[in-house]
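File shown: upload-v3.pdb. Contents: PDB, N, CA and C atoms.
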MODEL        1
ATOM      1  N   MET A   1     144.552 109.373 116.028
ATOM      2  CA  MET A   1     143.389 109.119 116.830
ATOM      3  C   MET A   1     143.605 107.804 117.554
ATOM      4  N   LEU A   2     143.436 107.809 118.825
ATOM      5  CA  LEU A   2     143.571 106.595 119.621
ATOM      6  C   LEU A   2     142.189 105.989 119.825
ATOM      7  N   ALA A   3     142.127 104.674 119.872
ATOM      8  CA  ALA A   3     140.868 103.979 120.126
ATOM      9  C   ALA A   3     141.096 102.951 121.217
ATOM     10  N   THR A   4     140.062 102.719 122.014
ATOM     11  CA  THR A   4     140.116 101.704 123.063
ATOM     12  C   THR A   4     138.942 100.765 122.858
ATOM     13  N   ASP A   5     139.217  99.462 122.743
ATOM     14  CA  ASP A   5     138.135  98.519 122.515
ATOM     15  C   ASP A   5     137.529  98.047 123.832
ATOM     16  N   THR A   6     136.566  97.128 123.751
ATOM     17  CA  THR A   6     135.831  96.690 124.943
ATOM     18  C   THR A   6     136.721  95.980 125.957
ATOM     19  N   SER A   7     137.827  95.416 125.504
ATOM     20  CA  SER A   7     138.720  94.730 126.450
ATOM     21  C   SER A   7     139.670  95.698 127.133
ATOM     22  N   GLY A   8     139.620  96.990 126.761
ATOM     23  CA  GLY A   8     140.497  97.985 127.370
ATOM     24  C   GLY A   8     141.809  98.159 126.634
ATOM     25  N   LYS A   9     141.974  97.438 125.520
ATOM     26  CA  LYS A   9     143.200  97.545 124.725
ATOM     27  C   LYS A   9     143.155  98.835 123.906
ATOM     28  N   SER A  10     144.214  99.655 124.028
ATOM     29  CA  SER A  10     144.302 100.901 123.266
ATOM     30  C   SER A  10     145.208 100.707 122.059
ATOM     31  N   TYR A  11     144.876 101.346 120.979
ATOM     32  CA  TYR A  11     145.691 101.276 119.779
ATOM     33  C   TYR A  11     145.499 102.552 118.960
ATOM     34  N   GLU A  12     146.486 102.844 118.097
ATOM     35  CA  GLU A  12     146.378 104.012 117.232
ATOM     36  C   GLU A  12     145.474 103.637 116.056
ATOM     37  N   TRP A  13     144.330 104.275 115.980
ATOM     38  CA  TRP A  13     143.335 103.940 114.963
ATOM     39  C   TRP A  13     143.604 104.707 113.682
ATOM     40  N   VAL A  14     143.917 105.984 113.791
ATOM     41  CA  VAL A  14     144.275 106.815 112.639
ATOM     42  C   VAL A  14     145.596 107.497 112.966
ATOM     43  N   ALA A  15     146.533 107.401 112.050
ATOM     44  CA  ALA A  15     147.843 108.009 112.292
ATOM     45  C   ALA A  15     147.719 109.534 112.350
ATOM     46  N   SER A  16     148.671 110.159 113.012
ATOM     47  CA  SER A  16     148.674 111.619 113.128
ATOM     48  C   SER A  16     148.721 112.254 111.744
ATOM     49  N   THR A  17     147.987 113.326 111.589
ATOM     50  CA  THR A  17     147.935 114.035 110.318
ATOM     51  C   THR A  17     147.711 115.519 110.585
ATOM     52  N   SER A  18     148.008 116.362 109.601
ATOM     53  CA  SER A  18     147.769 117.793 109.800
ATOM     54  C   SER A  18     146.275 118.066 109.688
ATOM     55  N   TRP A  19     145.843 119.129 110.345
ATOM     56  CA  TRP A  19     144.425 119.445 110.425
ATOM     57  C   TRP A  19     144.282 120.943 110.579
ATOM     58  N   ALA A  20     143.394 121.535 109.810
ATOM     59  CA  ALA A  20     143.178 122.986 109.868
ATOM     60  C   ALA A  20     142.207 123.320 110.987
ATOM     61  N   ASP A  21     142.438 124.420 111.654
ATOM     62  CA  ASP A  21     141.571 124.882 112.735
ATOM     63  C   ASP A  21     140.155 125.145 112.206
ATOM     64  N   ASN A  22     139.162 124.879 113.041
ATOM     65  CA  ASN A  22     137.743 125.089 112.734
ATOM     66  C   ASN A  22     137.233 124.218 111.586
ATOM     67  N   VAL A  23     137.840 123.076 111.372
ATOM     68  CA  VAL A  23     137.383 122.128 110.365
ATOM     69  C   VAL A  23     136.850 120.903 111.109
ATOM     70  N   THR A  24     135.645 120.491 110.746
ATOM     71  CA  THR A  24     135.003 119.357 111.409
ATOM     72  C   THR A  24     135.764 118.065 111.139
ATOM     73  N   LEU A  25     135.918 117.255 112.173
ATOM     74  CA  LEU A  25     136.491 115.922 112.021
ATOM     75  C   LEU A  25     135.344 114.934 111.831
ATOM     76  N   ASN A  26     135.397 114.168 110.770
ATOM     77  CA  ASN A  26     134.395 113.133 110.531
ATOM     78  C   ASN A  26     135.054 111.785 110.757
ATOM     79  N   VAL A  27     134.598 111.084 111.773
ATOM     80  CA  VAL A  27     135.185 109.802 112.124
ATOM     81  C   VAL A  27     134.155 108.706 111.851
ATOM     82  N   PRO A  28     134.421 107.827 110.883
ATOM     83  CA  PRO A  28     133.485 106.730 110.623
ATOM     84  C   PRO A  28     133.513 105.739 111.791
ATOM     85  N   ILE A  29     132.336 105.297 112.190
ATOM     86  CA  ILE A  29     132.222 104.367 113.315
ATOM     87  C   ILE A  29     131.612 103.069 112.807
ATOM     88  N   ASP A  30     132.242 101.953 113.134
ATOM     89  CA  ASP A  30     131.723 100.639 112.767
ATOM     90  C   ASP A  30     130.478 100.372 113.598
ATOM     91  N   ARG A  31     129.321 100.361 112.969
ATOM     92  CA  ARG A  31     128.058 100.187 113.695
ATOM     93  C   ARG A  31     127.589  98.743 113.713
ATOM     94  N   VAL A  32     128.411  97.825 113.207
ATOM     95  CA  VAL A  32     128.007  96.416 113.149
ATOM     96  C   VAL A  32     128.534  95.631 114.343
ATOM     97  N   ALA A  33     129.789  95.860 114.709
ATOM     98  CA  ALA A  33     130.391  95.114 115.815
ATOM     99  C   ALA A  33     129.894  95.687 117.141
ATOM    100  N   PRO A  34     129.131  94.904 117.909
ATOM    101  CA  PRO A  34     128.645  95.415 119.195
ATOM    102  C   PRO A  34     129.776  95.595 120.201
ATOM    103  N   GLY A  35     129.616  96.571 121.070
ATOM    104  CA  GLY A  35     130.606  96.823 122.110
ATOM    105  C   GLY A  35     130.627  98.292 122.488
ATOM    106  N   THR A  36     131.503  98.638 123.413
ATOM    107  CA  THR A  36     131.688 100.021 123.842
ATOM    108  C   THR A  36     133.090 100.443 123.441
ATOM    109  N   PHE A  37     133.181 101.565 122.725
ATOM    110  CA  PHE A  37     134.449 102.014 122.184
ATOM    111  C   PHE A  37     134.713 103.449 122.613
ATOM    112  N   THR A  38     135.952 103.745 122.956
ATOM    113  CA  THR A  38     136.349 105.096 123.336
ATOM    114  C   THR A  38     137.262 105.652 122.257
ATOM    115  N   TYR A  39     136.881 106.791 121.699
ATOM    116  CA  TYR A  39     137.698 107.471 120.696
ATOM    117  C   TYR A  39     138.308 108.701 121.370
ATOM    118  N   THR A  40     139.646 108.783 121.352
ATOM    119  CA  THR A  40     140.346 109.889 121.999
ATOM    120  C   THR A  40     141.131 110.676 120.954
ATOM    121  N   ILE A  41     140.939 111.978 120.977
ATOM    122  CA  ILE A  41     141.675 112.853 120.065
ATOM    123  C   ILE A  41     142.792 113.526 120.861
ATOM    124  N   GLU A  42     144.015 113.351 120.383
ATOM    125  CA  GLU A  42     145.179 114.015 120.965
ATOM    126  C   GLU A  42     145.858 114.795 119.849
ATOM    127  N   TYR A  43     146.336 115.976 120.151
ATOM    128  CA  TYR A  43     146.928 116.795 119.106
ATOM    129  C   TYR A  43     148.056 117.651 119.646
ATOM    130  N   THR A  44     148.853 118.149 118.707
ATOM    131  CA  THR A  44     149.885 119.141 119.015
ATOM    132  C   THR A  44     149.751 120.278 118.010
ATOM    133  N   ASP A  45     150.193 121.461 118.411
ATOM    134  CA  ASP A  45     150.154 122.593 117.478
ATOM    135  C   ASP A  45     151.381 122.553 116.577
ATOM    136  N   ASP A  46     151.515 123.571 115.731
ATOM    137  CA  ASP A  46     152.628 123.579 114.782
ATOM    138  C   ASP A  46     153.991 123.719 115.458
ATOM    139  N   GLN A  47     153.980 124.057 116.774
ATOM    140  CA  GLN A  47     155.226 124.154 117.527
ATOM    141  C   GLN A  47     155.523 122.862 118.295
ATOM    142  N   GLY A  48     154.607 121.867 118.180
ATOM    143  CA  GLY A  48     154.797 120.596 118.874
ATOM    144  C   GLY A  48     154.267 120.582 120.295
ATOM    145  N   VAL A  49     153.536 121.644 120.691
ATOM    146  CA  VAL A  49     152.979 121.707 122.042
ATOM    147  C   VAL A  49     151.640 120.970 122.055
ATOM    148  N   ALA A  50     151.517 120.019 122.984
ATOM    149  CA  ALA A  50     150.293 119.222 123.062
ATOM    150  C   ALA A  50     149.162 120.029 123.681
ATOM    151  N   GLY A  51     147.968 119.848 123.090
ATOM    152  CA  GLY A  51     146.770 120.456 123.649
ATOM    153  C   GLY A  51     146.030 119.427 124.481
ATOM    154  N   PRO A  52     144.948 119.837 125.140
ATOM    155  CA  PRO A  52     144.187 118.879 125.946
ATOM    156  C   PRO A  52     143.507 117.837 125.051
ATOM    157  N   SER A  53     143.556 116.596 125.474
ATOM    158  CA  SER A  53     142.890 115.535 124.709
ATOM    159  C   SER A  53     141.399 115.527 125.044
ATOM    160  N   ASP A  54     140.641 114.913 124.171
ATOM    161  CA  ASP A  54     139.198 114.800 124.393
ATOM    162  C   ASP A  54     138.767 113.408 123.953
ATOM    163  N   SER A  55     137.819 112.818 124.680
ATOM    164  CA  SER A  55     137.365 111.464 124.377
ATOM    165  C   SER A  55     135.856 111.424 124.199
ATOM    166  N   VAL A  56     135.441 110.486 123.370
ATOM    167  CA  VAL A  56     134.021 110.213 123.156
ATOM    168  C   VAL A  56     133.823 108.720 123.318
ATOM    169  N   ILE A  57     132.806 108.333 124.091
ATOM    170  CA  ILE A  57     132.485 106.915 124.281
ATOM    171  C   ILE A  57     131.272 106.594 123.419
ATOM    172  N   VAL A  58     131.409 105.543 122.596
ATOM    173  CA  VAL A  58     130.340 105.124 121.693
ATOM    174  C   VAL A  58     129.949 103.697 122.046
ATOM    175  N   SER A  59     128.659 103.473 122.274
ATOM    176  CA  SER A  59     128.147 102.123 122.529
ATOM    177  C   SER A  59     127.371 101.660 121.312
ATOM    178  N   VAL A  60     127.731 100.480 120.801
ATOM    179  CA  VAL A  60     127.062  99.900 119.635
ATOM    180  C   VAL A  60     126.382  98.624 120.099
ATOM    181  N   SER A  61     125.075  98.543 119.860
ATOM    182  CA  SER A  61     124.329  97.367 120.313
ATOM    183  C   SER A  61     124.083  96.369 119.195
ATOM    184  N   GLY A  62     124.647  96.569 118.016
ATOM    185  CA  GLY A  62     124.465  95.637 116.903
ATOM    186  C   GLY A  62     123.300  96.071 116.030
ATOM    187  N   ILE A  63     122.722  95.122 115.314
ATOM    188  CA  ILE A  63     121.614  95.410 114.408
ATOM    189  C   ILE A  63     120.411  95.849 115.220
ATOM    190  N   THR A  64     119.806  96.937 114.810
ATOM    191  CA  THR A  64     118.656  97.464 115.533
ATOM    192  C   THR A  64     117.384  96.743 115.129
ATOM    193  N   ASN A  65     116.401  96.798 116.005
ATOM    194  CA  ASN A  65     115.108  96.196 115.709
ATOM    195  C   ASN A  65     114.436  96.903 114.546
ATOM    196  N   ASP A  66     114.686  98.210 114.390
ATOM    197  CA  ASP A  66     114.101  98.951 113.270
ATOM    198  C   ASP A  66     114.527  98.349 111.941
ATOM    199  N   PHE A  67     115.789  97.972 111.832
ATOM    200  CA  PHE A  67     116.283  97.370 110.591
ATOM    201  C   PHE A  67     115.560  96.052 110.311
ATOM    202  N   LEU A  68     115.408  95.233 111.330
ATOM    203  CA  LEU A  68     114.729  93.947 111.139
ATOM    204  C   LEU A  68     113.273  94.144 110.742
ATOM    205  N   VAL A  69     112.604  95.109 111.341
ATOM    206  CA  VAL A  69     111.203  95.388 111.005
ATOM    207  C   VAL A  69     111.105  95.839 109.549
ATOM    208  N   LEU A  70     111.975  96.741 109.129
ATOM    209  CA  LEU A  70     111.958  97.199 107.739
ATOM    210  C   LEU A  70     112.249  96.060 106.772
ATOM    211  N   LEU A  71     113.159  95.183 107.141
ATOM    212  CA  LEU A  71     113.471  94.028 106.300
ATOM    213  C   LEU A  71     112.259  93.115 106.178
ATOM    214  N   LEU A  72     111.578  92.840 107.273
ATOM    215  CA  LEU A  72     110.386  91.994 107.230
ATOM    216  C   LEU A  72     109.267  92.629 106.414
ATOM    217  N   ILE A  73     109.089  93.940 106.543
ATOM    218  CA  ILE A  73     108.071  94.634 105.755
ATOM    219  C   ILE A  73     108.399  94.523 104.267
ATOM    220  N   ALA A  74     109.653  94.728 103.904
ATOM    221  CA  ALA A  74     110.057  94.641 102.495
ATOM    222  C   ALA A  74     109.807  93.246 101.936
ATOM    223  N   VAL A  75     110.154  92.221 102.695
ATOM    224  CA  VAL A  75     109.922  90.843 102.260
ATOM    225  C   VAL A  75     108.423  90.584 102.117
ATOM    226  N   GLY A  76     107.628  91.092 103.059
ATOM    227  CA  GLY A  76     106.178  90.922 102.994
ATOM    228  C   GLY A  76     105.582  91.598 101.775
ATOM    229  N   VAL A  77     106.022  92.797 101.468
ATOM    230  CA  VAL A  77     105.508  93.522 100.290
ATOM    231  C   VAL A  77     105.855  92.756  99.018
ATOM    232  N   ILE A  78     107.066  92.254  98.933
ATOM    233  CA  ILE A  78     107.470  91.485  97.751
ATOM    234  C   ILE A  78     106.624  90.216  97.633
ATOM    235  N   ALA A  79     106.391  89.526  98.741
ATOM    236  CA  ALA A  79     105.598  88.299  98.714
ATOM    237  C   ALA A  79     104.161  88.581  98.284
ATOM    238  N   VAL A  80     103.537  89.617  98.825
ATOM    239  CA  VAL A  80     102.159  89.960  98.464
ATOM    240  C   VAL A  80     102.080  90.343  96.993
ATOM    241  N   THR A  81     103.050  91.102  96.509
ATOM    242  CA  THR A  81     103.072  91.488  95.089
ATOM    243  C   THR A  81     103.147  90.255  94.201
ATOM    244  N   CYS A  82     103.988  89.302  94.550
ATOM    245  CA  CYS A  82     104.099  88.063  93.768
ATOM    246  C   CYS A  82     102.786  87.292  93.769
ATOM    247  N   ILE A  83     102.135  87.208  94.902
ATOM    248  CA  ILE A  83     100.866  86.487  94.996
ATOM    249  C   ILE A  83      99.803  87.158  94.132
ATOM    250  N   VAL A  84      99.720  88.485  94.173
ATOM    251  CA  VAL A  84      98.726  89.212  93.374
ATOM    252  C   VAL A  84      98.989  89.005  91.885
ATOM    253  N   VAL A  85     100.235  89.097  91.466
ATOM    254  CA  VAL A  85     100.566  88.899  90.051
ATOM    255  C   VAL A  85     100.198  87.488  89.618
ATOM    256  N   LEU A  86     100.543  86.489  90.407
ATOM    257  CA  LEU A  86     100.195  85.100  90.069
ATOM    258  C   LEU A  86      98.686  84.901  90.009
ATOM    259  N   TRP A  87      97.944  85.513  90.934
ATOM    260  CA  TRP A  87      96.491  85.389  90.932
ATOM    261  C   TRP A  87      95.892  86.000  89.672
ATOM    262  N   VAL A  88      96.382  87.183  89.275
ATOM    263  CA  VAL A  88      95.876  87.843  88.064
ATOM    264  C   VAL A  88      96.158  86.985  86.834
ATOM    265  N   LEU A  89      97.365  86.453  86.727
ATOM    266  CA  LEU A  89      97.702  85.605  85.586
ATOM    267  C   LEU A  89      96.852  84.343  85.559
ATOM    268  N   LEU A  90      96.657  83.722  86.690
ATOM    269  CA  LEU A  90      95.828  82.516  86.777
ATOM    270  C   LEU A  90      94.385  82.831  86.437
ATOM    271  N   HIS A  91      93.871  83.939  86.934
ATOM    272  CA  HIS A  91      92.493  84.345  86.654
ATOM    273  C   HIS A  91      92.299  84.572  85.153
ATOM    274  N   ARG A  92      93.240  85.241  84.503
ATOM    275  CA  ARG A  92      93.149  85.480  83.062
ATOM    276  C   ARG A  92      93.146  84.169  82.283
ATOM    277  N   LYS A  93      93.975  83.227  82.718
ATOM    278  CA  LYS A  93      94.036  81.934  82.030
ATOM    279  C   LYS A  93      92.716  81.188  82.186
ATOM    280  N   ILE A  94      92.142  81.237  83.383
ATOM    281  CA  ILE A  94      90.858  80.558  83.616
ATOM    282  C   ILE A  94      89.778  81.183  82.745
ATOM    283  N   VAL A  95      89.748  82.507  82.664
ATOM    284  CA  VAL A  95      88.743  83.188  81.845
ATOM    285  C   VAL A  95      88.904  82.795  80.373
ATOM    286  N   ARG A  96      90.121  82.741  79.882
ATOM    287  CA  ARG A  96      90.364  82.342  78.487
ATOM    288  C   ARG A  96      89.920  80.907  78.232
ATOM    289  N   LEU A  97      90.206  80.020  79.195
ATOM    290  CA  LEU A  97      89.774  78.623  79.048
ATOM    291  C   LEU A  97      88.254  78.523  79.027
ATOM    292  N   GLU A  98      87.589  79.252  79.911
ATOM    293  CA  GLU A  98      86.130  79.238  79.943
ATOM    294  C   GLU A  98      85.540  79.795  78.646
ATOM    295  N   GLU A  99      86.147  80.870  78.117
ATOM    296  CA  GLU A  99      85.679  81.447  76.855
ATOM    297  C   GLU A  99      85.884  80.453  75.710
ATOM    298  N   GLY A 100      86.975  79.743  75.727
ATOM    299  CA  GLY A 100      87.245  78.741  74.696
ATOM    300  C   GLY A 100      86.280  77.586  74.754
ATOM    301  N   GLN A 101      85.924  77.131  75.970
ATOM    302  CA  GLN A 101      84.953  76.038  76.104
ATOM    303  C   GLN A 101      83.565  76.511  75.720
ATOM    304  N   ALA A 102      83.212  77.763  76.043
ATOM    305  CA  ALA A 102      81.885  78.299  75.675
ATOM    306  C   ALA A 102      81.789  78.408  74.149
ATOM    307  N   GLY A 103      82.849  78.736  73.457
ATOM    308  CA  GLY A 103      82.850  78.838  71.998
ATOM    309  C   GLY A 103      82.687  77.496  71.333
ATOM    310  N   ARG A 104      83.193  76.430  71.939
ATOM    311  CA  ARG A 104      83.069  75.074  71.376
ATOM    312  C   ARG A 104      81.668  74.520  71.523
ATOM    313  N   LYS A 105      80.947  74.947  72.583
ATOM    314  CA  LYS A 105      79.607  74.411  72.827
ATOM    315  C   LYS A 105      78.598  74.995  71.845
ATOM    316  N   ARG A 106      78.870  76.099  71.212
ATOM    317  CA  ARG A 106      77.929  76.735  70.289
ATOM    318  C   ARG A 106      77.855  76.028  69.030
TER     319      ARG A 106
ENDMDL
END
Will you turn the file into structure tokens for me?
Amino acid sequence: MLATDTSGKSYEWVASTSWADNVTLNVPIDRVAPGTFTYTIEYTDDQGVAGPSDSVIVSVSGITNDFLVLLLIAVGVIAVTCIVVLWVLLHRKIVRLEEGQAGRKR
């Protein structure tokens, strides 16, 4: 599999290998590095005759806003949970202290 990076430099990304007809090719794509990448598939049959190549252009824009929103929501949920737990614990302690002072006044 040949790959072309954003600067136009081509390189062999995956070495040639045997492949069965009608089997899906799964190509992992780096979704972190922003840029435009061209993936070209070139092949030959078992007789060494080359078939037509095919290319796919993939544009990666980096971290999506959806990811950042989900991260902020998760942090917010954790923060609210911590605040509620601390409030409940503090409230229980105050109630116990008040009950203890009421018992001493009797």
Inset, instruction - Could you give me the residues within stretch 25-100 of chain A that DSSP places in alpha helix (DSSP H), as a VMD selection string? - result: chain A and resid 65 to 100
Inset, instruction - From chain A, collect each residue whose DSSP state is strand (DSSP E) and return the set as number ranges by chain. - result: A: 2-4, 10-12, 35-41, 54-60
Inset, instruction - Find, counting only C-alpha atoms, the residue in A:Thr17, A:Gln101, A:Asn65, A:Thr81 that gets nearest to A:Asp45. - result: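 Nearest to A:Asp45: A:Thr17.
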Legend entry - Separation of atom C of A:Pro34 from atom C of A:Glu12 in Å: 18.1 Å
Legend entry - Nearest candidate to A:Tyr43 (options A:Ser61, A:Asp21, A:Ser16, A:Asn26; using only C-alpha atoms):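 Result for the nearest residue to A:Tyr43: A:Ser16.
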Inset, instruction - Have a look at atom N of A:Leu97 and atom C of A:Val80 and let me know their distance in Å, one decimal. - result: 23.8 Å
Centre and edge lengths of an axis-aligned box around all listed atoms of stretch 53-68 of chain A, with 3 Å added on each side, are to be given in Å to one decimal, as lines of an AutoDock Vina configuration file.
center_x = 128.4
center_y = 105.3
center_z = 117.9
size_x = 36.3
size_y = 28.6
size_z = 21.2
Legend entry - Atom pair atom CA of A:Gly35 / atom N of A:Ile73: separation (Å):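 Distance reported for this atom pair: 26.7 Å.
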Inset, instruction - Would you please work out which residue, of A:Val27, A:Val56, A:Val75, A:Ala20, is nearest to A:Ile41 when using all atoms listed in the file? - result: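 Among the listed residues, A:Val56 lies closest to A:Ile41.
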Inset, instruction - Within 7 Å of A:Ile57, counting only C-alpha atoms, which residues show up once you throw out same-chain ones fewer than 4 positions away? Write them as a ChimeraX atom specification, please. - result: /A:36-39
